[in-house]
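Visitor: So I've got this file, start_33.txt, and it contains compact mmCIF, C-alpha atoms:
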# COMPACT_ATOMS: atom_id res chain seq x y z
CA MET A 1 3.39 -21.67 2.49
CA SER A 2 -0.35 -21.25 2.93
CA LEU A 3 0.28 -17.76 4.31
CA TYR A 4 2.13 -16.84 1.11
CA LEU A 5 -0.83 -18.09 -0.91
CA LEU A 6 -3.33 -16.10 1.16
CA CYS A 7 -1.18 -13.00 0.69
CA LEU A 8 -1.14 -13.66 -3.05
CA THR A 9 -4.92 -14.01 -3.02
CA LEU A 10 -5.18 -10.59 -1.41
CA PHE A 11 -2.94 -9.25 -4.19
CA CYS A 12 -5.24 -10.83 -6.78
CA VAL A 13 -8.30 -9.18 -5.22
CA GLY A 14 -6.59 -5.83 -5.67
CA LEU A 15 -5.54 -6.73 -9.21
CA TYR A 16 -9.12 -7.67 -10.07
CA GLY A 17 -10.28 -4.31 -8.74
CA VAL A 18 -7.72 -2.44 -10.82
CA LEU A 19 -8.49 -4.32 -14.03
CA ARG A 20 -12.24 -4.69 -13.81
CA LYS A 21 -13.73 -1.64 -12.08
CA ARG A 22 -14.75 1.50 -13.91
CA ASN A 23 -14.81 3.86 -10.96
CA ILE A 24 -11.53 5.74 -10.44
CA VAL A 25 -11.82 5.58 -6.66
CA LYS A 26 -12.28 1.80 -6.85
CA ILE A 27 -9.12 1.56 -8.98
CA ILE A 28 -7.17 3.59 -6.43
CA ILE A 29 -8.51 1.34 -3.67
CA GLY A 30 -7.35 -1.70 -5.67
CA ILE A 31 -3.86 -0.23 -5.97
CA GLY A 32 -3.85 0.36 -2.22
CA ILE A 33 -4.84 -3.25 -1.52
CA MET A 34 -2.06 -4.54 -3.78
CA GLU A 35 0.39 -2.34 -1.93
CA TYR A 36 -0.77 -3.66 1.47
CA SER A 37 -0.40 -7.25 0.35
CA MET A 38 3.14 -6.66 -0.96
CA ASN A 39 4.19 -5.00 2.31
CA LEU A 40 2.77 -7.95 4.24
CA PHE A 41 4.56 -10.39 1.92
CA PHE A 42 7.96 -8.82 2.61
CA VAL A 43 7.43 -8.95 6.36
CA LEU A 44 6.22 -12.56 6.10
CA LEU A 45 9.47 -13.45 4.30
CA GLY A 46 11.48 -12.06 7.21
CA TYR A 47 9.55 -13.82 9.98
CA ARG A 48 11.15 -16.55 12.02
CA TYR A 49 9.48 -19.07 14.29
CA HIS A 50 9.69 -18.05 17.96
CA GLY A 51 11.49 -14.90 16.84
CA ARG A 52 11.89 -11.80 18.95
CA THR A 53 11.33 -8.17 18.04
CA PRO A 54 14.60 -6.72 16.61
CA ILE A 55 15.23 -4.45 19.58
CA ASP A 56 18.22 -5.07 21.83
CA ALA A 57 17.64 -5.30 25.56
CA GLN A 58 20.06 -4.45 28.30
CA ASN A 59 22.19 -7.25 29.73
CA GLN A 60 20.67 -9.75 27.30
CA ASN A 61 22.06 -11.33 24.20
CA ILE A 62 19.05 -12.01 22.00
CA LEU A 63 19.89 -14.58 19.36
CA ASN A 64 16.57 -15.33 17.69
CA MET A 65 15.56 -11.95 16.26
CA VAL A 66 13.30 -11.76 13.22
CA ASP A 67 14.88 -10.33 10.07
CA PRO A 68 14.95 -6.53 10.46
CA LEU A 69 15.95 -5.76 6.86
CA PRO A 70 12.52 -6.34 5.22
CA GLN A 71 10.96 -4.32 8.03
CA ALA A 72 13.26 -1.39 7.29
CA LEU A 73 12.50 -1.57 3.57
CA VAL A 74 8.75 -1.87 4.14
CA MET A 75 8.85 1.16 6.43
CA THR A 76 10.04 3.20 3.42
CA SER A 77 7.47 1.55 1.17
CA ILE A 78 4.51 2.37 3.45
CA VAL A 79 5.30 6.10 3.48
CA ILE A 80 5.83 6.18 -0.29
CA GLY A 81 2.50 4.38 -0.67
CA LEU A 82 0.79 7.18 1.24
CA ALA A 83 2.37 9.76 -1.06
CA ALA A 84 1.31 7.83 -4.16
CA THR A 85 -2.28 7.45 -2.89
CA ALA A 86 -2.49 11.16 -2.11
CA LEU A 87 -1.24 12.06 -5.60
CA LEU A 88 -3.71 9.66 -7.25
CA ILE A 89 -6.60 10.99 -5.17
CA SER A 90 -5.73 14.59 -6.02
CA ILE A 91 -5.77 13.71 -9.73
CA ALA A 92 -9.14 11.97 -9.22
CA ILE A 93 -10.56 15.06 -7.50
CA ARG A 94 -9.36 17.19 -10.41
CA ILE A 95 -10.98 14.82 -12.91
CA TYR A 96 -14.24 14.93 -10.96
CA GLU A 97 -14.18 18.73 -11.06
CA LYS A 98 -13.60 18.75 -14.81
CA TYR A 99 -15.89 15.94 -15.96
CA GLY A 100 -18.39 15.57 -13.11
CA THR A 101 -17.93 11.81 -12.93
CA PHE A 102 -15.58 9.11 -11.65
CA ASP A 103 -16.45 6.74 -14.51
CA ILE A 104 -13.34 6.13 -16.65
CA THR A 105 -15.35 5.33 -19.79
CA LYS A 106 -16.98 8.77 -19.67
CA ILE A 107 -13.66 10.59 -19.57
CA LYS A 108 -13.07 10.90 -23.28
CA ARG A 109 -12.59 14.54 -24.13
CA LEU A 110 -8.96 15.35 -24.74
CA LYS A 111 -9.17 19.10 -24.41
CA GLY A 112 -11.50 20.98 -22.26
CA MET B 1 -3.19 -19.63 13.18
CA GLU B 2 -4.29 -16.11 14.11
CA LEU B 3 -2.36 -14.88 11.08
CA HIS B 4 -4.48 -17.09 8.85
CA LEU B 5 -7.65 -15.68 10.39
CA LEU B 6 -6.40 -12.12 9.97
CA LEU B 7 -5.47 -12.73 6.34
CA LEU B 8 -8.87 -14.30 5.62
CA PHE B 9 -10.50 -11.26 7.23
CA MET B 10 -8.33 -8.97 5.09
CA ILE B 11 -9.33 -10.81 1.92
CA PHE B 12 -13.00 -10.61 2.92
CA ALA B 13 -12.75 -6.88 3.66
CA ALA B 14 -10.89 -6.29 0.39
CA ILE B 15 -13.62 -8.07 -1.59
CA VAL B 16 -16.25 -5.98 0.21
CA ALA B 17 -14.27 -2.81 -0.52
CA ILE B 18 -13.99 -3.66 -4.20
CA GLU B 19 -17.52 -4.91 -4.76
CA VAL B 20 -19.79 -2.69 -2.64
CA LYS B 21 -21.73 -0.01 -4.53
CA ASP B 22 -21.48 2.87 -2.06
CA LEU B 23 -18.10 4.65 -2.28
CA LEU B 24 -17.95 5.64 1.39
CA SER B 25 -18.57 2.01 2.41
CA SER B 26 -15.73 0.84 0.21
CA VAL B 27 -13.43 3.41 1.82
CA VAL B 28 -14.41 1.95 5.20
CA GLY B 29 -13.58 -1.50 3.81
CA VAL B 30 -10.08 -0.32 2.89
CA GLY B 31 -9.72 1.00 6.42
CA ALA B 32 -10.58 -2.45 7.76
CA VAL B 33 -7.88 -4.01 5.55
CA GLY B 34 -5.32 -1.45 6.72
CA PHE B 35 -6.00 -1.87 10.42
CA ALA B 36 -5.95 -5.66 10.08
CA LEU B 37 -2.57 -5.25 8.38
CA CYS B 38 -1.46 -3.21 11.39
CA LEU B 39 -2.43 -6.11 13.69
CA ALA B 40 -0.65 -8.57 11.40
CA PHE B 41 2.54 -6.50 11.68
CA LEU B 42 2.25 -6.66 15.46
CA ILE B 43 1.90 -10.45 15.36
CA LEU B 44 4.88 -10.68 12.98
CA LYS B 45 7.04 -8.85 15.57
CA ALA B 46 7.33 -5.55 13.71
CA PRO B 47 6.09 -2.85 16.11
CA ASP B 48 7.69 0.05 14.19
CA LEU B 49 5.79 -0.97 11.08
CA ALA B 50 2.56 -1.30 13.05
CA ILE B 51 2.87 2.27 14.34
CA THR B 52 3.73 3.63 10.88
CA GLN B 53 0.89 1.69 9.27
CA LEU B 54 -1.59 3.01 11.85
CA VAL B 55 -0.66 6.66 11.20
CA VAL B 56 -0.53 6.21 7.42
CA GLU B 57 -3.86 4.39 7.41
CA ILE B 58 -5.61 7.19 9.27
CA LEU B 59 -4.18 9.83 6.90
CA CYS B 60 -5.10 7.68 3.90
CA LEU B 61 -8.69 7.33 5.13
CA ILE B 62 -8.98 11.09 5.61
CA ILE B 63 -7.73 11.73 2.06
CA LEU B 64 -10.02 9.08 0.57
CA ILE B 65 -13.06 10.36 2.44
CA ARG B 66 -12.28 13.89 1.24
CA ALA B 67 -12.41 12.57 -2.32
CA THR B 68 -15.54 10.47 -2.03
CA ILE B 69 -17.86 12.32 0.31
CA ASN B 70 -21.07 13.54 -1.33
CA LYS B 71 -19.94 12.14 -4.66
CA ASP B 72 -21.79 9.00 -5.61
CA LEU B 73 -21.63 7.35 -8.96
CA PRO B 74 -25.07 6.46 -10.27
CA LEU B 75 -25.49 2.77 -10.99
CA VAL B 76 -24.45 2.06 -14.56
CA ILE B 77 -25.49 -0.93 -16.62
CA GLU B 78 -22.20 -2.04 -18.07
CA GLY B 79 -21.84 -3.27 -21.59
CA ARG B 80 -19.73 -6.35 -22.36
CA TRP B 81 -19.99 -7.45 -18.74
CA PHE B 82 -19.27 -11.11 -19.49
CA PHE B 83 -16.24 -10.52 -21.72
CA ASN B 84 -14.64 -8.06 -19.31
CA THR B 85 -15.00 -10.38 -16.33
CA ILE B 86 -13.72 -13.42 -18.20
CA SER B 87 -10.65 -11.63 -19.56
CA THR B 88 -9.84 -10.18 -16.14
CA LEU B 89 -10.16 -13.57 -14.46
CA ALA B 90 -8.01 -15.17 -17.17
CA PHE B 91 -5.28 -12.59 -16.52
CA VAL B 92 -5.49 -13.24 -12.75
CA VAL B 93 -5.20 -17.00 -13.31
CA VAL B 94 -2.13 -16.57 -15.52
CA PHE B 95 -0.62 -14.31 -12.87
CA LEU B 96 -1.35 -16.87 -10.13
CA PHE B 97 0.27 -19.63 -12.17
CA PHE B 98 3.57 -17.77 -12.53
CA ALA B 99 3.44 -16.53 -8.92
CA TRP B 100 3.00 -20.12 -7.72
CA ALA B 101 6.05 -21.15 -9.72
CA ALA B 102 8.03 -18.34 -8.05
CA ILE B 103 6.75 -19.02 -4.52
CA LYS B 104 7.87 -22.66 -4.67
CA GLU B 105 11.49 -21.45 -4.86
CA LEU B 106 11.26 -19.21 -1.79
CA PRO B 107 12.48 -20.30 1.65
CA ALA B 108 9.69 -21.78 3.77
CA PHE B 109 7.75 -19.54 6.14
CA GLY B 110 9.48 -19.14 9.49
CA ASN B 111 13.01 -19.91 8.26
CA PRO B 112 14.37 -16.72 6.66
CA LEU B 113 17.74 -16.63 4.89
CA MET B 114 19.28 -13.92 7.14
CA SER B 115 22.46 -13.73 5.04
CA VAL B 116 22.66 -9.94 4.59
CA VAL B 117 21.32 -9.02 7.96
CA LYS B 118 23.82 -11.10 9.95
CA LYS B 119 26.35 -8.27 9.78
CA TYR B 120 23.79 -5.70 10.87
CA LEU B 121 22.73 -7.80 13.83
CA ALA B 122 26.31 -8.38 14.92
CA GLU B 123 27.59 -4.82 14.54
CA GLY B 124 24.41 -2.75 14.76
CA THR B 125 24.53 -1.67 18.36
CA SER B 126 28.27 -1.12 18.55
CA ARG B 127 28.61 0.81 15.29
CA THR B 128 25.47 2.97 15.35
CA GLY B 129 24.53 3.15 19.00
CA ALA B 130 20.91 2.42 18.17
CA VAL B 131 19.15 -0.19 20.27
CA ASN B 132 16.44 -0.70 17.70
CA ILE B 133 17.98 -2.55 14.75
CA VAL B 134 15.25 -1.40 12.34
CA SER B 135 16.00 2.26 12.97
CA ALA B 136 19.72 1.48 12.76
CA VAL B 137 19.16 0.06 9.28
CA VAL B 138 16.84 2.86 8.17
CA LEU B 139 18.87 5.77 9.51
CA ASP B 140 22.44 4.48 9.36
CA PHE B 141 23.22 1.49 7.16
CA ARG B 142 20.74 2.48 4.46
CA ALA B 143 20.47 6.20 5.02
CA TYR B 144 20.59 6.94 1.27
CA ASP B 145 17.40 4.90 0.95
CA THR B 146 15.72 7.21 3.44
CA LEU B 147 17.08 10.23 1.57
CA GLY B 148 15.49 8.87 -1.60
CA GLU B 149 12.21 8.33 0.28
CA VAL B 150 12.22 11.96 1.38
CA THR B 151 12.88 13.02 -2.21
CA VAL B 152 9.91 10.95 -3.40
CA LEU B 153 7.70 12.45 -0.69
CA PHE B 154 8.80 15.98 -1.62
CA SER B 155 8.12 15.46 -5.31
CA ALA B 156 4.74 13.91 -4.49
CA VAL B 157 3.83 17.00 -2.47
CA LEU B 158 4.97 19.19 -5.37
CA GLY B 159 2.80 17.14 -7.72
CA ILE B 160 -0.26 17.43 -5.47
CA MET B 161 0.22 21.19 -5.23
CA ALA B 162 0.58 21.46 -9.01
CA VAL B 163 -2.55 19.39 -9.62
CA LEU B 164 -4.82 20.90 -6.99
CA ARG B 165 -3.69 24.55 -7.37
CA ARG B 166 -6.33 27.06 -8.35
CA PRO B 167 -5.57 29.32 -11.30
CA GLY B 168 -4.00 32.35 -9.72
CA ARG B 169 -4.01 36.04 -10.23
CA LYS B 170 -1.62 36.10 -13.15
CA LYS B 171 -4.19 34.90 -15.66
CA ILE B 172 -6.53 37.78 -14.89
CA GLU B 173 -3.67 40.27 -15.27
CA ASP B 174 -2.90 38.77 -18.67
CA LYS B 175 -6.49 39.24 -19.70
CA ASP B 176 -6.30 42.89 -18.61
CA ASN B 177 -3.17 43.36 -20.68
CA VAL B 178 -4.88 41.91 -23.75
CA ARG B 179 -7.76 44.30 -23.36
I'd like the structure from this file rewritten - as structure tokens, please.

Guide:
Amino acid sequence: MSLYLLCLTLFCVGLYGVLRKRNIVKIIIGIGIMEYSMNLFFVLLGYRYHGRTPIDAQNQNILNMVDPLPQALVMTSIVIGLAATALLISIAIRIYEKYGTFDITKIKRLKG
Amino acid sequence: MELHLLLLFMIFAAIVAIEVKDLLSSVVGVGAVGFALCLAFLILKAPDLAITQLVVEILCLIILIRATINKDLPLVIEGRWFFNTISTLAFVVVFLFFAWAAIKELPAFGNPLMSVVKKYLAEGTSRTGAVNIVSAVVLDFRAYDTLGEVTVLFSAVLGIMAVLRRPGRKKIEDKDNVR
């Protein structure tokens, strides 16, 4: 239970960064931290005490594997997270070229 | 126990990454969080995830450094500092309250439900021929999921190309035509 709470605290650190910071790169970093904590949370949900890696071995019948389903889903989620971060960063680079700043309160002009 | 230490380290590195003034230092902080996450996956018996996270983290750091190098934001004195912080913290506290209510209903750590995955574990090797159950789930039982992932990746690449593309030759030709 305490692990769940620590994971949630990590999520809240990212949430604070997204809501409070004015620098676009800091906001992207906050989104990344939230994503990490959610991935970790899913894998924590699938863990089992004294569990084994979900890989079959020859001539052995392993009964206490950890849950492989969250791992498979998180595998997808990690790669999609990379794509999302790359897209966000490319938009941030474009904004920096246009406005010369990363500060979101300075980005006010609608046309340019 | 080592998981607790790793998570505390991750929280510390995340706070450093969010709060430090220098952008390159905060990117390094995110790298620390990502590599600690990689270690946590190893401890949680998920080696496939650890490998994927390692590769993705390195790529992510390269992209972030490309965006932040030589671009520093001058220190700004922020208006309404107190109000902004208080409202943000209030939102986080409300979020924590509801999340705590949800977490109480979850199964305890270390005793997963394993209701869906029982079938995969029983039939995985015989029906797919894959020794690794995770890759059996990703590539066989839930292959449409992976197809959707590839679609998302492709559209993300299209989006990046559309955003970062330089204005091409066509515009100049149009100008010539107008003249």

Visitor: Find, counting only C-alpha atoms, the residue in B:Thr68, B:Met10, B:Phe98, B:Asn111 that gets nearest to Leu45 in chain A.

Guide: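 Comparing B:Thr68, B:Met10, B:Phe98, B:Asn111 against Leu45 in chain A, the winner is B:Asn111.
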
Visitor: Rank B:Ala108, B:Leu54, B:Thr128, B:Ala162 by their smallest atom-to-atom distance to chain A, using only C-alpha atoms, and report the top residue only.

Guide: B:Ala108

Visitor: Could you work out how far CA of Thr53 in chain A lies from CA of Val150 in chain B, giving the answer in Å with one decimal?

Guide: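 If I compute the distance from CA of Val150 in chain B to CA of Thr53 in chain A, I get 26.1 Å.
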
Visitor: Using all atoms listed in the file, find which residues of chain A lie within 6 Å of chain B and jot them down as a PyMOL selection string.

Guide: chain A and resi 10+17+46-49+53-56+68+72+75+83+87

Visitor: Find the distance between CA of Phe35 in chain B and CA of Leu19 in chain A and write it in Å to one decimal.

Guide: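 CA of Leu19 in chain A lies 24.7 Å from CA of Phe35 in chain B.
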
Visitor: Take CA of Asn23 in chain A and CA of Thr105 in chain A and report the distance between them in Å, one decimal.

Guide: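 These atoms are spaced 9.0 Å apart.
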
Visitor: Would you please work out which residue, of B:Leu5, B:Arg166, B:Leu61, B:Ala36, is nearest to Thr85 in chain A when using only C-alpha atoms?

Guide: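 Checking each candidate against Thr85 in chain A, we get B:Leu61 as the closest.
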
Visitor: Please put the answer as lines of an AutoDock Vina configuration file: centre and edge lengths, in Å with one decimal, of a box along x, y and z that encloses all listed atoms of range 22-32 of chain B plus 6 Å on each side.

Guide:
center_x = -15.6
center_y = 1.6
center_z = 2.7
size_x = 23.8
size_y = 20.1
size_z = 22.0

Visitor: Looking at all atoms listed in the file, which of A:Val43, A:Met34, A:Leu8, A:Val25 is the one that sits closest to Ile93 in chain A?

Guide: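 With all atoms listed in the file as the atom set, the closest residue is A:Val25.
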
Visitor: Within 8 Å of Val18 in chain A, counting only C-alpha atoms, which residues show up once you throw out same-chain ones fewer than 6 positions away? Write them as a ChimeraX atom specification, please.

Guide: /A:26-28,30-31

Visitor: Just so I have it separately, write range 144-173 of chain B from the block I sent, keeping C-alpha atoms, as a compact mmCIF listing (two decimals), in the first residue's frame.

Guide:
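Output (result_11.txt):
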# COMPACT_ATOMS: atom_id res chain seq x y z
CA TYR B 144 -4.54 -5.47 -32.64
CA ASP B 145 -3.26 -3.42 -29.70
CA THR B 146 0.21 -3.49 -31.22
CA LEU B 147 -1.25 -2.55 -34.61
CA GLY B 148 -2.89 0.46 -32.97
CA GLU B 149 0.42 1.36 -31.32
CA VAL B 150 2.15 1.34 -34.69
CA THR B 151 -0.62 3.54 -36.09
CA VAL B 152 -0.12 6.02 -33.24
CA LEU B 153 3.64 6.02 -33.82
CA PHE B 154 3.16 6.60 -37.55
CA SER B 155 0.77 9.49 -37.03
CA ALA B 156 3.13 10.99 -34.44
CA VAL B 157 5.97 10.87 -36.96
CA LEU B 158 3.69 12.50 -39.55
CA GLY B 159 2.83 15.21 -37.03
CA ILE B 160 6.49 15.87 -36.21
CA MET B 161 7.31 16.13 -39.92
CA ALA B 162 4.41 18.52 -40.48
CA VAL B 163 5.42 20.71 -37.55
CA LEU B 164 9.17 20.81 -38.11
CA ARG B 165 9.11 21.02 -41.95
CA ARG B 166 10.71 24.04 -43.52
CA PRO B 167 8.65 25.98 -46.05
CA GLY B 168 9.57 24.40 -49.34
CA ARG B 169 10.15 25.51 -52.85
CA LYS B 170 6.51 25.84 -53.82
CA LYS B 171 6.02 29.12 -51.99
CA ILE B 172 8.81 30.81 -53.92
CA GLU B 173 7.35 29.57 -57.22
